Amino acid sequence: MHVSLHQIARARSGDKGASANIGVVARSPNLYIYLLKVLTSERVAGHFSGLGVGKVTRFELPNLMAMNFVLTNVLGDGGGSLSLRSDAQGKALGQAMLEMQLDLPDELSSALVAETKED
Amino acid sequence: MATAPDILRIGNAQGFWGDRPEGPAALVAQSPDLDYLTLDYLAEVSMSILAKQRQRDPEAGYARDFLEVVSSMAPVWKAGRPLRLVTNAGGLNPAACARAARAILREAGCKGLTIGIVTGDDVLDELNRSPDKYPHLETGRALSEVRSSLVTGSAYIGAGSIVEALSQGAQLIVTGRVADPSLVVGPCLYHFGWKADDYDRIAGATVAGHLIECGVQVTGGISTDWLNIPGVDDIGFPIVEVSGDGSCVVTKPRGTGGRVDRATVTEQLVYEIGDPENYLSPDATVSFGQLRLAEDGENRIRVTGARGRPPPESYKVSGTYRAGYRAAGTLVVFGRGATEKARRCGQMVLNRLAAAGMTPQRSLVECLGSGDAVKGVATSAPIEVVLRIAISDPRREVVEYFTRQLMPLVTAGPPGTTGYADGRPSVREEFGYWPTLVRREVVRPVVEIIET
């Protein structure tokens with residue numbers, strides 16, 4: 001099933017000097033295992049290529065079903081304070097991350113559909 | 001120090017300078033058993049704004065908004081409530097901030113209240129003296145490149161001075177650039193009598209501080225599922241109930257809006273962090289890797305398992321330097337092909353600047369509404385966009401000239417150009433950020449006590 005990351009994870013982002021971080025939290029343990037496989041730092045770098053992102057580093061927090069992505073220098077030299085962007089501090093990057101489109105395996109898809117029906 | 005309490009209740013009602021003015025008084029009224037109120041006013045570049053204010057007036061240079069909070073707290077203290085308040089509102093001038101607070105409290109009839117002032121974080125002189133020692137932490141650039149424009153240099157000092165002020169009986173503590181989580185760590189160290197190398201417990205308190213330092217971000221604010229968060233009109237400011245072992249429960253006052261659950265707490269745990277195994281603070285280096293969250297009743301999440309190691313040998317320093325001038329202006333473009341029209345409109349302004357010999361050093365055109373805020377992730381072709389043009393240049397006259405180039409688009413630009421009621425954008429001074437490290441022994445935190 002075709003899903004957006006929004007359906008299977010939460011995210012929050014902010015600045016760290018000239019870099020930004022995006023925390024991604026899976027909505028269930030099975031989805032976390034899946035996201036560990038597909039949400040590679042390369043894939044995230046590709047997703048944000050329009051921003052001219054260089055290095056992306058992924059950190060894992062299985063105890064929280066979370067991953068943290070650090071996008072080095074994505075806010076430009078001099079950091080958020082010199083950025084001319086509306087989103088000078090990377091607050092929108094989390095929402096942008098959740099727009100990523102994924103092909104969810106069938107077994108996870110059916111679980112997701114069942115959950116949505118319960119809601 | 002009296003016997004150690006079982007639990008210390010510490011709230012935060014100001015996540016940044018500009019947060020809800022009613023926050024502190026509301027939180028204090030809603031939580032009669034609150035032991036500490038912490039208020040965070042300082043961000044990376046706030047210091048440069050304060051430096052400008054202090055240049056004009058030597059008694060300025062702190063977050064003046066805090067004085068309104070002091071007024072609202074006066075009746076609480078006058079009534080004899082033992083609540084203590086720890087804030088970094090002092091900015092570049094904690095002593096002046098504390099004196100202004102004292103004047104307000106005296107006026108309000110609060111007698112015998114002890115105020116602690118923490119200074120010593122200002123390392124600007126040291127940066128100026130030995131620029132070679134302070135390269136940019138991220139780029140490695142030499143400080144000599146910007147030294148003549150350096151405005152502030154503040155070390156993120158730790159909880160030690162807060163502990164000292166508390167042991168001298170301070171009920172209100174005004175600091176400069178203390179690390180945000182240290183506002184929570186200080187009270188915990190003091191009341192629980194932890195040793196300075198009780199790193200796991202200090203790590204727990206640091207996590208508690210990290211969770212509440214941005215106010216309502218942990219109680220539902222900016223949550224991914226924000227549309228399902230109840231009662232955001234009256235979202236409650238957070239409280240951590242810290243135990244003697246360093247674990248805590250994150251919660252909010254009964255009857256307030258918002259929500260505290262696994263999702264809101266987890267999102268805030270990962271907010272603005274780097275390597276979660278090495279969360280650096282001046283009190284401890286913290287590992288998030290063993291943290292456990294557990295439900296502990298409605299709007300209550302217990303956080304356990306923080307692990308700590310000794311803090312880095314150096315303090316992080318946040319420096320700022322004058323980088324030039326900037327302005328940003330917006331117009332609304334409505335109609336078929338709005339994005340394309342707005343983009344050409346933006347280019348038209350930049351071309352006109354170039355023709356006048358006023359090409360800015362840096363410029364950016366965004367068509368907000370089309371997906372430009374995060375370029376390249378998602379695009380759409382909306383019927384309207386906000387055209388935003390931002391430029392920056394060391395020459396003020398270039399930026400001034402730019403601010404006069406937007407209005408003409410109302411007649412010369414595409415049809416449906418509107419939204420110009422706010423007039424010309426204003427020219428602002430621009431500050432760059434200079435993170436660096438300073439050896440601990442160079443920084444000498446000082447605690448001063450005054451009475452109302």
# chains A, B, ... in the order shown; residues from 1 in each chain; ligands from 1
>>> select_by_dssp(residues="range 116-364 of chain B", states="helix (DSSP H, G or I)", output="PyMOL selection string")
chain B and resi 124-129+131-133+143-145+147-149+160-167+182-192+199-212+215-218+226-228+232-234+262-269+338-355
>>> interface_residues(of="chain A", to="chain B", cutoff="7 Å", atoms="only C-alpha atoms", output="PyMOL selection string")
chain A and resi 10-16+21+23+47-48+50-51+59+61+63-64+68+70+78-79+81-82+84+86-87+93+96
>>> residues_around(residues="Val3 in chain A", least_positions_apart="2", cutoff="7 Å", atoms="only C-alpha atoms", output="ChimeraX atom specification")
/A:1,5,7,101-104
>>> closest_residue(among="B:Pro135, B:Gly220, B:Gly116, B:Gly246", to="Gln171 in chain B", atoms="only C-alpha atoms")
B:Gly116
>>> atom_distance(atom1="CA of Val25 in chain A", atom2="CA of Ala9 in chain A")
5.3 Å
>>> residues_around(residues="Met73 in chain B", least_positions_apart="2", cutoff="10 Å", atoms="only C-alpha atoms", output="JSON, numbers by chain")
{"B": [24, 25, 28, 67, 68, 69, 70, 71, 75, 76, 77, 78, 83, 85, 105, 108]}
